[in-house]
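Asker: Pasting data-v7.txt here (compact mmCIF, C-alpha atoms):
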# COMPACT_ATOMS: atom_id res chain seq x y z
CA MET Z 1 45.19 63.05 115.71
CA LYS Z 2 44.94 64.79 112.45
CA ILE Z 3 48.04 65.49 110.41
CA SER Z 4 47.84 68.83 108.76
CA GLU Z 5 49.26 69.50 105.37
CA PRO Z 6 51.81 72.23 104.96
CA GLU Z 7 50.36 75.51 103.99
CA LEU Z 8 51.35 76.51 100.49
CA LYS Z 9 52.23 80.13 99.91
CA PRO Z 10 50.87 81.89 96.88
CA SER Z 11 53.27 81.73 93.91
CA ALA Z 12 54.08 85.48 93.97
CA GLU Z 13 55.16 85.21 97.62
CA ARG Z 14 57.36 82.17 96.86
CA GLU Z 15 59.13 83.96 93.97
CA SER Z 16 59.76 86.97 96.19
CA THR Z 17 61.34 84.79 98.87
CA ASN Z 18 63.50 82.93 96.30
CA GLY Z 19 64.63 86.23 94.79
CA ARG Z 20 65.69 87.55 98.18
CA SER Z 21 67.61 84.36 99.01
CA ILE Z 22 69.43 84.43 95.66
CA THR Z 23 70.33 88.09 96.18
CA ARG Z 24 71.52 87.32 99.69
CA LEU Z 25 73.66 84.43 98.40
CA LEU Z 26 75.18 86.67 95.72
CA TRP Z 27 76.04 89.36 98.28
CA ARG Z 28 77.57 86.78 100.60
CA GLY Z 29 79.66 85.44 97.73
CA PHE Z 30 80.75 88.95 96.79
CA TRP Z 31 81.83 89.83 100.33
CA LEU Z 32 83.63 86.50 100.83
CA ALA Z 33 85.51 87.02 97.55
CA PHE Z 34 86.30 90.60 98.56
CA LEU Z 35 87.60 89.42 101.95
CA ALA Z 36 89.73 86.67 100.37
CA GLY Z 37 91.13 89.12 97.80
CA SER Z 38 91.90 91.71 100.48
CA LEU Z 39 93.68 89.18 102.67
CA ALA Z 40 95.70 87.90 99.69
CA TYR Z 41 96.69 91.47 98.77
CA ALA Z 42 97.70 92.27 102.36
CA TRP Z 43 99.78 89.10 102.54
CA LEU Z 44 101.44 89.94 99.22
CA CYS Z 45 102.26 93.46 100.40
CA PHE Z 46 103.97 92.24 103.55
CA TYR Z 47 105.57 89.02 102.32
CA VAL Z 48 109.35 89.27 102.02
CA PRO Z 49 111.31 86.15 101.11
CA SER Z 50 114.87 85.59 102.27
CA ASN Z 51 117.68 86.50 99.92
CA SER Z 52 121.29 85.50 99.36
CA VAL Z 53 122.77 89.00 99.31
CA SER Z 54 125.81 89.25 101.60
CA TRP Z 55 124.70 92.29 103.59
CA ALA Z 56 127.34 94.07 105.65
CA PRO Z 57 126.42 94.26 109.34
CA SER Z 58 127.06 98.01 109.72
CA TYR Z 59 128.09 101.12 107.79
CA THR Z 60 131.55 101.05 109.37
CA ASP Z 61 132.07 97.42 108.33
CA ALA Z 62 130.73 98.10 104.83
CA ARG Z 63 133.05 101.06 104.34
CA THR Z 64 136.06 99.09 105.63
CA LEU Z 65 135.27 96.22 103.24
CA ALA Z 66 134.75 98.68 100.37
CA VAL Z 67 138.09 100.40 100.96
CA GLN Z 68 139.92 97.07 101.25
CA SER Z 69 138.32 95.60 98.11
CA GLY Z 70 138.02 98.81 96.07
CA LYS Z 71 134.34 97.99 95.41
CA PRO Z 72 131.51 100.53 95.57
CA MET Z 73 128.90 100.32 98.32
CA VAL Z 74 125.17 99.86 97.70
CA LEU Z 75 123.20 101.42 100.54
CA PHE Z 76 119.56 100.42 100.63
CA PHE Z 77 117.54 102.63 102.99
CA THR Z 78 114.32 100.93 104.07
CA SER Z 79 111.87 100.56 106.95
CA THR Z 80 109.73 97.78 108.35
CA TRP Z 81 106.43 99.56 107.56
CA CYS Z 82 107.29 100.58 103.96
CA VAL Z 83 105.24 98.58 101.43
CA PRO Z 84 107.24 99.71 98.33
CA CYS Z 85 110.39 98.64 100.22
CA ARG Z 86 108.89 95.21 100.80
CA VAL Z 87 107.91 94.92 97.15
CA MET Z 88 111.47 95.82 96.15
CA LYS Z 89 112.88 93.30 98.63
CA ARG Z 90 110.64 90.67 97.06
CA THR Z 91 111.15 91.52 93.37
CA VAL Z 92 114.74 92.84 93.33
CA TRP Z 93 116.77 91.73 96.32
CA ALA Z 94 115.38 88.17 96.47
CA ASP Z 95 116.25 87.58 92.81
CA GLU Z 96 119.24 85.26 92.41
CA GLU Z 97 120.66 87.19 89.44
CA VAL Z 98 120.60 90.45 91.41
CA ALA Z 99 122.10 88.80 94.48
CA SER Z 100 124.91 87.29 92.41
CA GLU Z 101 125.73 90.60 90.69
CA VAL Z 102 125.56 92.62 93.92
CA ASN Z 103 127.77 90.15 95.80
CA LYS Z 104 130.28 90.14 92.92
CA ARG Z 105 130.43 93.91 92.23
CA CYS Z 106 129.53 95.75 95.46
CA ILE Z 107 129.47 95.85 99.22
CA PRO Z 108 125.74 95.92 100.10
CA LEU Z 109 124.28 97.42 103.27
CA MET Z 110 120.60 97.55 104.28
CA LEU Z 111 119.72 100.37 106.69
CA TYR Z 112 116.39 100.54 108.54
CA ALA Z 113 114.81 103.91 109.36
CA ASP Z 114 113.56 102.62 112.72
CA ASP Z 115 117.05 101.45 113.76
CA PRO Z 116 118.62 104.06 116.08
CA GLY Z 117 122.09 102.97 114.96
CA ALA Z 118 121.31 103.92 111.35
CA ALA Z 119 120.25 107.49 112.14
CA GLU Z 120 123.76 108.83 111.59
CA VAL Z 121 123.94 107.31 108.09
CA PHE Z 122 120.43 108.58 107.26
CA ASN Z 123 121.57 112.07 108.31
CA ARG Z 124 124.89 111.85 106.48
CA TYR Z 125 123.19 111.07 103.16
CA GLN Z 126 120.13 113.22 103.97
CA VAL Z 127 117.68 110.39 103.33
CA GLY Z 128 114.17 111.46 104.23
CA ALA Z 129 112.07 108.74 102.60
CA THR Z 130 112.23 105.05 101.86
CA PRO Z 131 113.03 103.19 99.70
CA THR Z 132 116.20 105.00 98.70
CA THR Z 133 119.15 103.28 97.06
CA ILE Z 134 122.51 105.03 97.05
CA ILE Z 135 125.62 103.76 95.32
CA THR Z 136 128.85 105.22 96.66
CA ASP Z 137 132.54 104.88 95.94
CA PRO Z 138 134.63 103.04 98.58
CA GLN Z 139 135.14 106.29 100.51
CA GLY Z 140 131.37 106.87 100.80
CA ASN Z 141 130.98 109.60 98.14
CA VAL Z 142 127.67 109.35 96.25
CA ILE Z 143 127.86 108.03 92.67
CA HIS Z 144 124.13 107.35 92.08
CA TRP Z 145 121.07 108.28 94.12
CA ILE Z 146 117.76 106.55 93.39
CA HIS Z 147 114.69 107.50 95.36
CA GLY Z 148 111.70 105.18 95.22
CA LYS Z 149 111.03 101.63 94.17
CA MET Z 150 113.07 100.16 91.33
CA GLU Z 151 112.37 97.20 89.10
CA LYS Z 152 114.84 94.35 88.71
CA GLU Z 153 115.77 95.31 85.14
CA ASP Z 154 116.54 98.91 86.13
CA PHE Z 155 118.66 97.77 89.06
CA ILE Z 156 120.67 95.35 86.87
CA LYS Z 157 121.29 98.17 84.35
CA LEU Z 158 122.49 100.36 87.20
CA LEU Z 159 124.90 97.68 88.36
CA GLU Z 160 126.25 97.21 84.82
CA ILE Z 161 127.50 100.82 84.65
CA LEU Z 162 129.62 100.40 87.80
Represent the structure of the file as C-alpha cells.
Answerer:
Amino acid sequence: MKISEPELKPSAERESTNGRSITRLLWRGFWLAFLAGSLAYAWLCFYVPSNSVSWAPSYTDARTLAVQSGKPMVLFFTSTWCVPCRVMKRTVWADEEVASEVNKRCIPLMLYADDPGAAEVFNRYQVGATPTTIITDPQGNVIHWIHGKMEKEDFIKLLEIL
C-alpha cells in the first residue's frame, strides 16, 4: 500500500481560503457581540428592582391617609409595557434618598394602566399616557402635573417645593 502525500494547493488559492475564513470569523464575532449587546439592552429596559417606597394599596386608601396626615399625594401612573416607566422605576423610585423623602413628605400611590380598578382614577385626572406623575393636595386637587420620564434630581427638586 502506498501512502499518498497531501495535495498542496497553489499559494493564491490558500490565501483566498484564509481570507474567507478570517472574514467569516469577524462576521461571527460581530453578530455574537450584537446579540449579546441587544440582550443586555433588553434586560436593562425591563429590569425593575424592588424599592422601599410605602405605596398605598388604592386611591381611596391614599386619599384617606392624605386627609388624616395632611400630606400631599404622589400619583405615579404607569403600565407594565412602558419602558420609560421602567427606567424611572429603576432610577428614581428604587433610589433610597427618593424613597426616604417620599415616605416622609407624601402619600405615594402607583396606578397601572392595565388595572381595571385604576380606570376611574385615570379618567378623573385625564391621564392618557404613561409615565405621568401627579402631585395633589390631600383632597385630590392637582398641584403639579409631570408628563414623561423624570430624572432623580428633578424629582427631588419637585419634592423640596412641597
Asker: Quick one: distance from CA of Ala56 in chain Z to CA of Val102 in chain Z in Å, one decimal?
Answerer: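 According to the coordinates, CA of Ala56 in chain Z and CA of Val102 in chain Z are separated by 12.0 Å.
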Asker: Env of Thr80 in chain Z: 12 Å cut, atoms = all atoms listed in the file, seq-sep filter 6 positions within chain, self excluded. Answer as a count of residues only.
Answerer: 15
Asker: Given the choices Z:Met150, Z:Val83, Z:Val121, Z:Val53, which gets closest to Ala99 in chain Z if the distance is worked out from only C-alpha atoms?
Answerer: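 Among Z:Met150, Z:Val83, Z:Val121, Z:Val53, it is Z:Val53 that comes nearest to Ala99 in chain Z.
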Asker: Can you tell me how far CA of Ile135 in chain Z sits from CA of Ser52 in chain Z, in Å to one decimal?
Answerer: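 Interatomic distance here is 19.2 Å.
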Asker: Just checking: using only C-alpha atoms, which residue out of Z:Ala42, Z:Met73, Z:Ala129, Z:Leu158 ends up closest to Asp61 in chain Z?
Answerer: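 Among the listed residues, the smallest separation from Asp61 in chain Z belongs to Z:Met73.
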Asker: Which is closer to Ala118 in chain Z than all the others in Z:Leu162, Z:Arg20, Z:Phe76, Z:Arg28, using only C-alpha atoms?
Answerer: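 Among Z:Leu162, Z:Arg20, Z:Phe76, Z:Arg28, it is Z:Phe76 that comes nearest to Ala118 in chain Z.
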Asker: Can you work out which one of Z:Gln68, Z:Thr60, Z:Arg24, Z:Glu101 has the shortest atom-to-atom distance to Lys157 in chain Z, counting all atoms listed in the file?
Answerer: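 The closest residue to Lys157 in chain Z is Z:Glu101.
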Asker: Work out how far CA of Ser69 in chain Z is from CA of Gln139 in chain Z, in Å to one decimal.
Answerer: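 Computing it gives 11.4 Å between the two atoms.
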Asker: Could you check the closest approach to Tyr125 in chain Z for each of Z:Pro108, Z:Trp43, Z:Ile143, Z:Ser38 and tell me which residue wins, using all atoms listed in the file?
Answerer: Z:Ile143
Asker: Give as a list in words every residue, naming chains and numbers as the document does, that has an atom within 7 Å of (131.7, 99.6, 98.8), counting all atoms listed in the file.
Answerer: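 Within 7 Å of (131.7, 99.6, 98.8), the protein and nucleic acid residues are Ala62, Arg63, Leu65, Ala66, Val67, Gly70, Lys71, Pro72, Met73, Val74, Cys106, Ile107, Thr136, Asp137 and Pro138 of chain Z.
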Asker: Just checking: using all atoms listed in the file, which residue out of Z:Leu44, Z:Leu109, Z:Leu159, Z:Leu26 ends up closest to Thr78 in chain Z?
Answerer: Z:Leu109
Asker: Reconstruct N, CA and C atoms of range 87-122 of chain Z from the incomplete input and present them as a PDB file, in the frame of the given file.
Answerer:
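What follows is the written file out28.pdb:
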ATOM      1  N   VAL Z  87     108.063  95.378  98.538  1.00  0.00           N
ATOM      2  CA  VAL Z  87     107.910  94.920  97.150  1.00  0.00           C
ATOM      3  C   VAL Z  87     109.289  94.832  96.499  1.00  0.00           C
ATOM      4  N   MET Z  88     110.126  95.834  96.728  1.00  0.00           N
ATOM      5  CA  MET Z  88     111.470  95.820  96.150  1.00  0.00           C
ATOM      6  C   MET Z  88     112.311  94.686  96.738  1.00  0.00           C
ATOM      7  N   LYS Z  89     112.158  94.418  98.024  1.00  0.00           N
ATOM      8  CA  LYS Z  89     112.880  93.300  98.630  1.00  0.00           C
ATOM      9  C   LYS Z  89     112.445  91.981  97.995  1.00  0.00           C
ATOM     10  N   ARG Z  90     111.168  91.892  97.647  1.00  0.00           N
ATOM     11  CA  ARG Z  90     110.640  90.670  97.060  1.00  0.00           C
ATOM     12  C   ARG Z  90     111.013  90.529  95.588  1.00  0.00           C
ATOM     13  N   THR Z  91     110.959  91.620  94.822  1.00  0.00           N
ATOM     14  CA  THR Z  91     111.150  91.520  93.370  1.00  0.00           C
ATOM     15  C   THR Z  91     112.592  91.777  92.934  1.00  0.00           C
ATOM     16  N   VAL Z  92     113.361  92.517  93.720  1.00  0.00           N
ATOM     17  CA  VAL Z  92     114.740  92.840  93.330  1.00  0.00           C
ATOM     18  C   VAL Z  92     115.735  92.052  94.172  1.00  0.00           C
ATOM     19  N   TRP Z  93     115.732  92.302  95.476  1.00  0.00           N
ATOM     20  CA  TRP Z  93     116.770  91.730  96.320  1.00  0.00           C
ATOM     21  C   TRP Z  93     116.688  90.212  96.452  1.00  0.00           C
ATOM     22  N   ALA Z  94     115.522  89.624  96.351  1.00  0.00           N
ATOM     23  CA  ALA Z  94     115.380  88.170  96.470  1.00  0.00           C
ATOM     24  C   ALA Z  94     115.722  87.441  95.181  1.00  0.00           C
ATOM     25  N   ASP Z  95     115.915  88.180  94.100  1.00  0.00           N
ATOM     26  CA  ASP Z  95     116.250  87.580  92.810  1.00  0.00           C
ATOM     27  C   ASP Z  95     117.691  87.077  92.825  1.00  0.00           C
ATOM     28  N   GLU Z  96     117.906  85.864  92.374  1.00  0.00           N
ATOM     29  CA  GLU Z  96     119.240  85.260  92.410  1.00  0.00           C
ATOM     30  C   GLU Z  96     120.232  85.979  91.488  1.00  0.00           C
ATOM     31  N   GLU Z  97     119.777  86.454  90.351  1.00  0.00           N
ATOM     32  CA  GLU Z  97     120.660  87.190  89.440  1.00  0.00           C
ATOM     33  C   GLU Z  97     121.149  88.489  90.080  1.00  0.00           C
ATOM     34  N   VAL Z  98     120.237  89.207  90.716  1.00  0.00           N
ATOM     35  CA  VAL Z  98     120.600  90.450  91.410  1.00  0.00           C
ATOM     36  C   VAL Z  98     121.564  90.146  92.542  1.00  0.00           C
ATOM     37  N   ALA Z  99     121.240  89.150  93.348  1.00  0.00           N
ATOM     38  CA  ALA Z  99     122.100  88.800  94.480  1.00  0.00           C
ATOM     39  C   ALA Z  99     123.504  88.448  94.010  1.00  0.00           C
ATOM     40  N   SER Z 100     123.608  87.684  92.944  1.00  0.00           N
ATOM     41  CA  SER Z 100     124.910  87.290  92.410  1.00  0.00           C
ATOM     42  C   SER Z 100     125.703  88.506  91.944  1.00  0.00           C
ATOM     43  N   GLU Z 101     125.048  89.398  91.201  1.00  0.00           N
ATOM     44  CA  GLU Z 101     125.730  90.600  90.690  1.00  0.00           C
ATOM     45  C   GLU Z 101     126.131  91.539  91.823  1.00  0.00           C
ATOM     46  N   VAL Z 102     125.253  91.733  92.790  1.00  0.00           N
ATOM     47  CA  VAL Z 102     125.560  92.620  93.920  1.00  0.00           C
ATOM     48  C   VAL Z 102     126.728  92.051  94.724  1.00  0.00           C
ATOM     49  N   ASN Z 103     126.695  90.763  95.022  1.00  0.00           N
ATOM     50  CA  ASN Z 103     127.770  90.150  95.800  1.00  0.00           C
ATOM     51  C   ASN Z 103     129.113  90.205  95.056  1.00  0.00           C
ATOM     52  N   LYS Z 104     129.065  90.129  93.727  1.00  0.00           N
ATOM     53  CA  LYS Z 104     130.280  90.140  92.920  1.00  0.00           C
ATOM     54  C   LYS Z 104     130.856  91.556  92.771  1.00  0.00           C
ATOM     55  N   ARG Z 105     129.975  92.567  92.593  1.00  0.00           N
ATOM     56  CA  ARG Z 105     130.430  93.910  92.230  1.00  0.00           C
ATOM     57  C   ARG Z 105     130.475  94.921  93.369  1.00  0.00           C
ATOM     58  N   CYS Z 106     129.737  94.696  94.447  1.00  0.00           N
ATOM     59  CA  CYS Z 106     129.530  95.750  95.460  1.00  0.00           C
ATOM     60  C   CYS Z 106     129.635  95.212  96.873  1.00  0.00           C
ATOM     61  N   ILE Z 107     129.620  96.152  97.804  1.00  0.00           N
ATOM     62  CA  ILE Z 107     129.470  95.850  99.220  1.00  0.00           C
ATOM     63  C   ILE Z 107     128.079  96.379  99.611  1.00  0.00           C
ATOM     64  N   PRO Z 108     127.102  95.480  99.799  1.00  0.00           N
ATOM     65  CA  PRO Z 108     125.740  95.920 100.100  1.00  0.00           C
ATOM     66  C   PRO Z 108     125.496  96.140 101.597  1.00  0.00           C
ATOM     67  N   LEU Z 109     124.667  97.136 101.889  1.00  0.00           N
ATOM     68  CA  LEU Z 109     124.280  97.420 103.270  1.00  0.00           C
ATOM     69  C   LEU Z 109     122.819  97.848 103.288  1.00  0.00           C
ATOM     70  N   MET Z 110     122.011  97.188 104.115  1.00  0.00           N
ATOM     71  CA  MET Z 110     120.600  97.550 104.280  1.00  0.00           C
ATOM     72  C   MET Z 110     120.461  98.308 105.593  1.00  0.00           C
ATOM     73  N   LEU Z 111     119.886  99.505 105.511  1.00  0.00           N
ATOM     74  CA  LEU Z 111     119.720 100.370 106.690  1.00  0.00           C
ATOM     75  C   LEU Z 111     118.243 100.618 106.932  1.00  0.00           C
ATOM     76  N   TYR Z 112     117.794 100.372 108.175  1.00  0.00           N
ATOM     77  CA  TYR Z 112     116.390 100.540 108.540  1.00  0.00           C
ATOM     78  C   TYR Z 112     116.169 101.890 109.225  1.00  0.00           C
ATOM     79  N   ALA Z 113     115.128 102.587 108.811  1.00  0.00           N
ATOM     80  CA  ALA Z 113     114.810 103.910 109.360  1.00  0.00           C
ATOM     81  C   ALA Z 113     114.484 103.836 110.845  1.00  0.00           C
ATOM     82  N   ASP Z 114     113.929 102.727 111.317  1.00  0.00           N
ATOM     83  CA  ASP Z 114     113.560 102.620 112.720  1.00  0.00           C
ATOM     84  C   ASP Z 114     114.683 102.037 113.581  1.00  0.00           C
ATOM     85  N   ASP Z 115     115.880 101.901 113.004  1.00  0.00           N
ATOM     86  CA  ASP Z 115     117.050 101.450 113.760  1.00  0.00           C
ATOM     87  C   ASP Z 115     117.827 102.670 114.248  1.00  0.00           C
ATOM     88  N   PRO Z 116     117.915 102.882 115.569  1.00  0.00           N
ATOM     89  CA  PRO Z 116     118.620 104.060 116.080  1.00  0.00           C
ATOM     90  C   PRO Z 116     120.077 104.131 115.630  1.00  0.00           C
ATOM     91  N   GLY Z 117     120.701 102.993 115.401  1.00  0.00           N
ATOM     92  CA  GLY Z 117     122.090 102.970 114.960  1.00  0.00           C
ATOM     93  C   GLY Z 117     122.280 103.457 113.535  1.00  0.00           C
ATOM     94  N   ALA Z 118     121.217 103.485 112.753  1.00  0.00           N
ATOM     95  CA  ALA Z 118     121.310 103.920 111.350  1.00  0.00           C
ATOM     96  C   ALA Z 118     121.030 105.402 111.183  1.00  0.00           C
ATOM     97  N   ALA Z 119     120.626 106.072 112.247  1.00  0.00           N
ATOM     98  CA  ALA Z 119     120.250 107.490 112.140  1.00  0.00           C
ATOM     99  C   ALA Z 119     121.392 108.349 111.620  1.00  0.00           C
ATOM    100  N   GLU Z 120     122.609 108.053 112.035  1.00  0.00           N
ATOM    101  CA  GLU Z 120     123.760 108.830 111.590  1.00  0.00           C
ATOM    102  C   GLU Z 120     123.958 108.727 110.072  1.00  0.00           C
ATOM    103  N   VAL Z 121     123.778 107.519 109.537  1.00  0.00           N
ATOM    104  CA  VAL Z 121     123.940 107.310 108.090  1.00  0.00           C
ATOM    105  C   VAL Z 121     122.789 107.980 107.336  1.00  0.00           C
ATOM    106  N   PHE Z 122     121.576 107.894 107.870  1.00  0.00           N
ATOM    107  CA  PHE Z 122     120.430 108.580 107.260  1.00  0.00           C
ATOM    108  C   PHE Z 122     120.709 110.083 107.197  1.00  0.00           C
TER     109      PHE Z 122
END
